[in-house]
Amino acid sequence: MADRHTGRCFCGAVEIEVLGEPEEMGYCHCTSCRSYTGGPLSAFVLWKAGNVRVTSGADLLGSFRKSEMSDRRFCTRCGGHVMTLHPTLGFTDVYAGVLPDIDFLPVVHLNYAETVLPIRDGLPKESDFPAAVGGSGAIMAE
Ligand SMILES: [Zn+2]
Ligand SMILES: [Zn+2]
């Protein structure tokens with residue numbers, strides 16, 4: 001039986017489940033994440049798209065797609081952010097705060113060139129995205 005974690009939006013009407021192990025956990029410092037979340041960065045848990053399922057409240061899940069890259073999903077009742085689909089990559093980011101019982105073990109910072117909150121934690125700082133997903137792969141100093 002694979003690992004299974006459940007998550008929910010701010011009001012609890014939308015519930016999701018994630019199966020197995022995440023692909024990666026980390027922080028994104030990009031201006032889009034800041035603008036969307038209202039925070040100085042976002043903490044993400046990245047999954048293969050097929051390992052994330054909406055188990056309750058799917059009819060309340062709104063979507064907003066500013067770019068082809070990111071299809072953001074939120075609860076239309078409470079406004080809580082739930083996840084961001086990356087259809088072109090086949091991955092789904094679930095905000096770490098949406099999965100309260102997962103051990104958040106970040107391994108990377110993304111889009112560090114755009115940071116407004118430098119974090120000196122010794123983790124690699126990708127200038128934008130890793131080369132494997134179309135980024136420059138450049139690593140910055142903290
Ligand atoms: Zn909600
Ligand atoms: Zn971002």
# chains A, B, ... in the order shown; residues from 1 in each chain; ligands from 1
$ residues_around --residues "Asn51 of chain A" --least-positions-apart "3" --cutoff "6 Å" --atoms "only C-alpha atoms" --output "list in words"
Val18, Leu19 and Lys48 of chain A
$ write_last_selection --atoms "N, CA and C atoms" --output "CSV table (one decimal), in the first residue's frame"
chain,number,residue,atom,x,y,z
A,18,VAL,N,-2.9,12.6,-1.9
A,18,VAL,CA,-1.7,12.4,-2.7
A,18,VAL,C,-1.1,11.1,-2.4
A,19,LEU,N,-0.6,10.4,-3.4
A,19,LEU,CA,-0.2,9.0,-3.2
A,19,LEU,C,1.3,8.9,-3.5
A,48,LYS,N,3.9,13.7,-9.3
A,48,LYS,CA,3.4,13.4,-10.6
A,48,LYS,C,1.9,13.6,-10.6
$ residues_around --residues "segment 2-11 of chain A" --least-positions-apart "2" --cutoff "8 Å" --atoms "only C-alpha atoms" --output "list in words"
Ala13, Val14, Glu15, Ile16, Glu17, Val18, Leu19, Gly20, Glu21, Phe74, Cys75, Arg77, Cys78, Gly79, Gly80, His81, Val82, Val98, Leu99, Pro100, Asp101 and Ile102 of chain A
$ write_last_selection --atoms "N, CA and C atoms" --output "tab-separated table (two decimals), in the first residue's frame"
chain	number	residue	atom	x	y	z
A	13	ALA	N	-13.73	22.41	2.58
A	13	ALA	CA	-14.70	21.88	1.62
A	13	ALA	C	-14.03	21.10	0.49
A	14	VAL	N	-12.84	21.52	0.11
A	14	VAL	CA	-12.09	20.81	-0.93
A	14	VAL	C	-11.06	19.93	-0.26
A	15	GLU	N	-11.12	18.64	-0.57
A	15	GLU	CA	-10.13	17.72	-0.03
A	15	GLU	C	-9.42	17.03	-1.19
A	16	ILE	N	-8.13	16.78	-0.97
A	16	ILE	CA	-7.34	16.07	-1.97
A	16	ILE	C	-6.60	14.93	-1.28
A	17	GLU	N	-6.14	13.99	-2.09
A	17	GLU	CA	-5.21	12.99	-1.58
A	17	GLU	C	-4.03	12.91	-2.53
A	18	VAL	N	-2.88	12.62	-1.94
A	18	VAL	CA	-1.67	12.44	-2.72
A	18	VAL	C	-1.12	11.06	-2.39
A	19	LEU	N	-0.61	10.38	-3.39
A	19	LEU	CA	-0.18	9.00	-3.24
A	19	LEU	C	1.31	8.86	-3.52
A	20	GLY	N	1.95	8.02	-2.72
A	20	GLY	CA	3.36	7.71	-2.95
A	20	GLY	C	4.27	8.80	-2.41
A	21	GLU	N	5.43	8.88	-3.03
A	21	GLU	CA	6.45	9.84	-2.59
A	21	GLU	C	6.43	11.05	-3.51
A	74	PHE	N	-7.98	26.67	-6.70
A	74	PHE	CA	-8.28	27.27	-5.40
A	74	PHE	C	-9.72	26.97	-5.05
A	75	CYS	N	-10.05	27.09	-3.78
A	75	CYS	CA	-11.42	26.87	-3.33
A	75	CYS	C	-12.23	28.13	-3.55
A	77	ARG	N	-15.07	28.76	-2.33
A	77	ARG	CA	-15.81	29.14	-1.12
A	77	ARG	C	-14.95	29.99	-0.19
A	78	CYS	N	-13.74	29.52	0.08
A	78	CYS	CA	-12.88	30.22	1.06
A	78	CYS	C	-11.72	30.97	0.43
A	79	GLY	N	-11.46	30.74	-0.86
A	79	GLY	CA	-10.34	31.41	-1.51
A	79	GLY	C	-9.00	30.76	-1.23
A	80	GLY	N	-9.00	29.69	-0.47
A	80	GLY	CA	-7.74	29.02	-0.13
A	80	GLY	C	-7.09	28.40	-1.35
A	81	HIS	N	-5.77	28.60	-1.47
A	81	HIS	CA	-5.02	27.98	-2.55
A	81	HIS	C	-4.85	26.50	-2.26
A	82	VAL	N	-4.98	25.68	-3.29
A	82	VAL	CA	-4.88	24.23	-3.09
A	82	VAL	C	-3.66	23.68	-3.82
A	98	VAL	N	-1.03	22.89	2.60
A	98	VAL	CA	-2.26	22.16	2.31
A	98	VAL	C	-2.14	20.70	2.78
A	99	LEU	N	-0.91	20.25	3.02
A	99	LEU	CA	-0.67	18.86	3.42
A	99	LEU	C	-0.07	18.85	4.83
A	100	PRO	N	-0.92	19.00	5.84
A	100	PRO	CA	-0.40	19.21	7.21
A	100	PRO	C	0.37	18.03	7.78
A	101	ASP	N	0.10	16.81	7.30
A	101	ASP	CA	0.77	15.67	7.93
A	101	ASP	C	1.95	15.13	7.14
A	102	ILE	N	2.42	15.92	6.17
A	102	ILE	CA	3.59	15.46	5.43
A	102	ILE	C	4.83	16.08	6.06
$ atom_distance --atom1 "atom CA of Tyr36 of chain A" --atom2 "atom 1 (Zn, counted along the ligand's line) of ligand 2"
9.0 Å
$ residues_near_ligand --ligand "ligand 2" --cutoff "8 Å" --atoms "only C-alpha atoms and all ligand atoms" --output "count of residues only"
12
$ atom_distance --atom1 "atom CA of Gly135 of chain A" --atom2 "atom CA of Tyr112 of chain A"
12.4 Å
$ residues_around --residues "Ser63 of chain A" --least-positions-apart "4" --cutoff "7 Å" --atoms "only C-alpha atoms" --output "list in words"
Asp71, Arg72, Arg73 and Phe74 of chain A
$ residues_around --residues "segment 117-127 of chain A" --least-positions-apart "3" --cutoff "8 Å" --atoms "only C-alpha atoms" --output "count of residues only"
18
$ select_by_dssp --residues "chain A" --states "alpha helix (DSSP H)" --output "ChimeraX atom specification"
/A:31-37
$ write_last_selection --atoms "all heavy atoms" --output "short mmCIF file (atom, residue, chain, number, x, y, z; two decimals), in the first residue's frame"
data_model
loop_
_atom_site.label_atom_id
_atom_site.label_comp_id
_atom_site.auth_asym_id
_atom_site.auth_seq_id
_atom_site.Cartn_x
_atom_site.Cartn_y
_atom_site.Cartn_z
N THR A 31 8.15 35.96 -8.75
CA THR A 31 7.18 37.04 -8.53
C THR A 31 5.74 36.53 -8.66
O THR A 31 4.85 37.03 -7.98
CB THR A 31 7.41 38.19 -9.53
OG1 THR A 31 7.43 37.65 -10.85
CG2 THR A 31 8.72 38.90 -9.26
N SER A 32 5.52 35.53 -9.52
CA SER A 32 4.16 35.00 -9.65
C SER A 32 3.70 34.35 -8.36
O SER A 32 2.57 34.55 -7.91
CB SER A 32 4.09 33.96 -10.78
OG SER A 32 4.21 34.59 -12.03
N CYS A 33 4.58 33.55 -7.75
CA CYS A 33 4.22 32.91 -6.48
C CYS A 33 3.96 33.96 -5.41
O CYS A 33 3.01 33.85 -4.63
CB CYS A 33 5.32 31.95 -6.01
SG CYS A 33 5.30 30.37 -6.87
N ARG A 34 4.79 34.99 -5.38
CA ARG A 34 4.59 36.03 -4.37
C ARG A 34 3.27 36.74 -4.57
O ARG A 34 2.51 36.98 -3.63
CB ARG A 34 5.74 37.05 -4.43
CG ARG A 34 7.07 36.49 -3.99
CD ARG A 34 7.95 37.59 -3.41
NE ARG A 34 8.17 38.70 -4.33
CZ ARG A 34 9.11 38.69 -5.28
NH1 ARG A 34 9.90 37.65 -5.45
NH2 ARG A 34 9.27 39.73 -6.06
N SER A 35 2.99 37.08 -5.83
CA SER A 35 1.77 37.81 -6.14
C SER A 35 0.54 36.97 -5.83
O SER A 35 -0.46 37.45 -5.31
CB SER A 35 1.80 38.21 -7.61
OG SER A 35 0.61 38.83 -7.99
N TYR A 36 0.62 35.67 -6.16
CA TYR A 36 -0.54 34.79 -5.99
C TYR A 36 -0.78 34.42 -4.53
O TYR A 36 -1.90 34.43 -4.06
CB TYR A 36 -0.36 33.53 -6.84
CG TYR A 36 -1.56 32.62 -6.83
CD1 TYR A 36 -2.78 33.04 -7.37
CD2 TYR A 36 -1.49 31.37 -6.26
CE1 TYR A 36 -3.89 32.21 -7.34
CE2 TYR A 36 -2.60 30.53 -6.24
CZ TYR A 36 -3.80 30.96 -6.78
OH TYR A 36 -4.89 30.14 -6.75
N THR A 37 0.31 34.10 -3.81
CA THR A 37 0.12 33.63 -2.43
C THR A 37 0.06 34.79 -1.43
O THR A 37 -0.45 34.61 -0.34
CB THR A 37 1.29 32.71 -1.99
OG1 THR A 37 2.50 33.47 -1.98
CG2 THR A 37 1.43 31.52 -2.92
#
$ atom_distance --atom1 "atom CA of Pro87 of chain A" --atom2 "atom CA of Val133 of chain A"
12.4 Å
$ select_by_dssp --residues "chain A" --states "strand (DSSP E)" --output "VMD selection string"
chain A and resid 4 to 8 15 to 19 24 to 28 42 to 48 52 to 56 61 to 67 70 to 75 81 to 86 91 to 95 108 to 110 125 to 126 139 to 140
$ residues_around --residues "Pro106 of chain A" --least-positions-apart "5" --cutoff "8 Å" --atoms "only C-alpha atoms" --output "tab-separated table (two decimals) with all heavy atoms, in the first residue's frame"
chain	number	residue	atom	x	y	z
A	24	GLU	N	9.69	16.16	-5.44
A	24	GLU	CA	10.61	17.15	-4.89
A	24	GLU	C	9.85	18.08	-3.96
A	24	GLU	O	8.65	18.29	-4.12
A	24	GLU	CB	11.23	17.98	-6.03
A	24	GLU	CG	12.34	18.89	-5.59
A	24	GLU	CD	13.15	19.39	-6.77
A	24	GLU	OE1	12.69	20.31	-7.45
A	24	GLU	OE2	14.25	18.86	-7.01
A	25	MET	N	10.58	18.63	-2.98
A	25	MET	CA	10.00	19.64	-2.10
A	25	MET	C	10.96	20.82	-2.06
A	25	MET	O	12.18	20.63	-2.10
A	25	MET	CB	9.80	19.09	-0.69
A	25	MET	CG	8.83	17.93	-0.64
A	25	MET	SD	8.41	17.45	1.05
A	25	MET	CE	9.22	15.87	1.13
A	26	GLY	N	10.41	21.99	-1.98
A	26	GLY	CA	11.29	23.15	-1.95
A	26	GLY	C	10.52	24.45	-1.87
A	26	GLY	O	9.33	24.47	-1.52
A	27	TYR	N	11.22	25.51	-2.20
A	27	TYR	CA	10.66	26.86	-2.13
A	27	TYR	C	10.76	27.51	-3.50
A	27	TYR	O	11.74	27.33	-4.22
A	27	TYR	CB	11.46	27.73	-1.15
A	27	TYR	CG	11.56	27.17	0.24
A	27	TYR	CD1	12.71	26.49	0.65
A	27	TYR	CD2	10.53	27.35	1.16
A	27	TYR	CE1	12.83	25.99	1.95
A	27	TYR	CE2	10.64	26.85	2.45
A	27	TYR	CZ	11.78	26.18	2.84
A	27	TYR	OH	11.89	25.68	4.11
$ closest_residue --among "A:Glu23, A:Asp59, A:Glu68, A:Asp103" --to "ligand 1" --atoms "only C-alpha atoms and all ligand atoms"
A:Asp59
$ residues_around --residues "segment 90-95 of chain A" --least-positions-apart "5" --cutoff "6 Å" --atoms "only C-alpha atoms" --output "list in words"
Ala43, Phe44, Val45, Leu46, Trp47, Lys48, Ala49, Met83, Thr84 and Leu85 of chain A
$ write_last_selection --atoms "all heavy atoms" --output "PDB file, in the first residue's frame"
ATOM      1  N   ALA A  43       6.083  27.513  -0.523  1.00  0.00           N
ATOM      2  CA  ALA A  43       6.663  26.200  -0.224  1.00  0.00           C
ATOM      3  C   ALA A  43       5.834  25.178  -0.977  1.00  0.00           C
ATOM      4  O   ALA A  43       4.615  25.123  -0.820  1.00  0.00           O
ATOM      5  CB  ALA A  43       6.629  25.938   1.280  1.00  0.00           C
ATOM      6  N   PHE A  44       6.523  24.376  -1.798  1.00  0.00           N
ATOM      7  CA  PHE A  44       5.790  23.452  -2.662  1.00  0.00           C
ATOM      8  C   PHE A  44       6.197  22.006  -2.416  1.00  0.00           C
ATOM      9  O   PHE A  44       7.308  21.711  -1.987  1.00  0.00           O
ATOM     10  CB  PHE A  44       6.008  23.803  -4.140  1.00  0.00           C
ATOM     11  CG  PHE A  44       7.437  23.601  -4.614  1.00  0.00           C
ATOM     12  CD1 PHE A  44       7.879  22.356  -5.025  1.00  0.00           C
ATOM     13  CD2 PHE A  44       8.331  24.661  -4.632  1.00  0.00           C
ATOM     14  CE1 PHE A  44       9.192  22.164  -5.452  1.00  0.00           C
ATOM     15  CE2 PHE A  44       9.648  24.478  -5.066  1.00  0.00           C
ATOM     16  CZ  PHE A  44      10.077  23.230  -5.467  1.00  0.00           C
ATOM     17  N   VAL A  45       5.253  21.120  -2.698  1.00  0.00           N
ATOM     18  CA  VAL A  45       5.516  19.679  -2.718  1.00  0.00           C
ATOM     19  C   VAL A  45       5.068  19.204  -4.090  1.00  0.00           C
ATOM     20  O   VAL A  45       3.888  19.296  -4.435  1.00  0.00           O
ATOM     21  CB  VAL A  45       4.747  18.952  -1.588  1.00  0.00           C
ATOM     22  CG1 VAL A  45       5.146  17.482  -1.551  1.00  0.00           C
ATOM     23  CG2 VAL A  45       4.988  19.610  -0.236  1.00  0.00           C
ATOM     24  N   LEU A  46       6.032  18.756  -4.889  1.00  0.00           N
ATOM     25  CA  LEU A  46       5.785  18.433  -6.291  1.00  0.00           C
ATOM     26  C   LEU A  46       5.477  16.943  -6.457  1.00  0.00           C
ATOM     27  O   LEU A  46       6.204  16.089  -5.939  1.00  0.00           O
ATOM     28  CB  LEU A  46       7.026  18.800  -7.112  1.00  0.00           C
ATOM     29  CG  LEU A  46       6.924  18.649  -8.631  1.00  0.00           C
ATOM     30  CD1 LEU A  46       5.978  19.682  -9.214  1.00  0.00           C
ATOM     31  CD2 LEU A  46       8.316  18.785  -9.265  1.00  0.00           C
ATOM     32  N   TRP A  47       4.396  16.661  -7.207  1.00  0.00           N
ATOM     33  CA  TRP A  47       3.957  15.272  -7.424  1.00  0.00           C
ATOM     34  C   TRP A  47       3.792  15.010  -8.908  1.00  0.00           C
ATOM     35  O   TRP A  47       3.486  15.927  -9.678  1.00  0.00           O
ATOM     36  CB  TRP A  47       2.592  15.039  -6.760  1.00  0.00           C
ATOM     37  CG  TRP A  47       2.577  15.354  -5.313  1.00  0.00           C
ATOM     38  CD1 TRP A  47       2.381  16.587  -4.751  1.00  0.00           C
ATOM     39  CD2 TRP A  47       2.802  14.452  -4.229  1.00  0.00           C
ATOM     40  NE1 TRP A  47       2.481  16.491  -3.380  1.00  0.00           N
ATOM     41  CE2 TRP A  47       2.736  15.197  -3.037  1.00  0.00           C
ATOM     42  CE3 TRP A  47       3.056  13.078  -4.172  1.00  0.00           C
ATOM     43  CZ2 TRP A  47       2.898  14.602  -1.780  1.00  0.00           C
ATOM     44  CZ3 TRP A  47       3.221  12.502  -2.918  1.00  0.00           C
ATOM     45  CH2 TRP A  47       3.150  13.265  -1.740  1.00  0.00           C
ATOM     46  N   LYS A  48       3.913  13.743  -9.292  1.00  0.00           N
ATOM     47  CA  LYS A  48       3.441  13.355 -10.615  1.00  0.00           C
ATOM     48  C   LYS A  48       1.938  13.642 -10.634  1.00  0.00           C
ATOM     49  O   LYS A  48       1.228  13.344  -9.660  1.00  0.00           O
ATOM     50  CB  LYS A  48       3.697  11.869 -10.849  1.00  0.00           C
ATOM     51  CG  LYS A  48       5.152  11.530 -11.103  1.00  0.00           C
ATOM     52  CD  LYS A  48       5.258  10.135 -11.755  1.00  0.00           C
ATOM     53  CE  LYS A  48       6.701   9.825 -12.103  1.00  0.00           C
ATOM     54  NZ  LYS A  48       7.416   9.219 -10.942  1.00  0.00           N
ATOM     55  N   ALA A  49       1.459  14.199 -11.746  1.00  0.00           N
ATOM     56  CA  ALA A  49       0.064  14.648 -11.794  1.00  0.00           C
ATOM     57  C   ALA A  49      -0.916  13.531 -11.436  1.00  0.00           C
ATOM     58  O   ALA A  49      -1.909  13.758 -10.751  1.00  0.00           O
ATOM     59  CB  ALA A  49      -0.242  15.203 -13.184  1.00  0.00           C
ATOM     60  N   MET A  83      -3.569  23.951  -5.122  1.00  0.00           N
ATOM     61  CA  MET A  83      -2.471  23.363  -5.899  1.00  0.00           C
ATOM     62  C   MET A  83      -2.337  24.079  -7.228  1.00  0.00           C
ATOM     63  O   MET A  83      -3.204  24.836  -7.637  1.00  0.00           O
ATOM     64  CB  MET A  83      -2.725  21.871  -6.123  1.00  0.00           C
ATOM     65  CG  MET A  83      -4.023  21.571  -6.833  1.00  0.00           C
ATOM     66  SD  MET A  83      -4.356  19.792  -6.802  1.00  0.00           S
ATOM     67  CE  MET A  83      -6.031  19.785  -7.470  1.00  0.00           C
ATOM     68  N   THR A  84      -1.210  23.823  -7.883  1.00  0.00           N
ATOM     69  CA  THR A  84      -0.965  24.363  -9.217  1.00  0.00           C
ATOM     70  C   THR A  84      -0.573  23.225 -10.140  1.00  0.00           C
ATOM     71  O   THR A  84       0.420  22.535  -9.893  1.00  0.00           O
ATOM     72  CB  THR A  84       0.154  25.424  -9.184  1.00  0.00           C
ATOM     73  OG1 THR A  84      -0.250  26.492  -8.324  1.00  0.00           O
ATOM     74  CG2 THR A  84       0.406  25.976 -10.572  1.00  0.00           C
ATOM     75  N   LEU A  85      -1.388  23.023 -11.165  1.00  0.00           N
ATOM     76  CA  LEU A  85      -1.074  21.999 -12.163  1.00  0.00           C
ATOM     77  C   LEU A  85      -0.075  22.565 -13.165  1.00  0.00           C
ATOM     78  O   LEU A  85      -0.161  23.738 -13.541  1.00  0.00           O
ATOM     79  CB  LEU A  85      -2.351  21.579 -12.897  1.00  0.00           C
ATOM     80  CG  LEU A  85      -3.329  20.623 -12.190  1.00  0.00           C
ATOM     81  CD1 LEU A  85      -3.739  21.120 -10.816  1.00  0.00           C
ATOM     82  CD2 LEU A  85      -4.558  20.399 -13.043  1.00  0.00           C
TER      83      LEU A  85
END
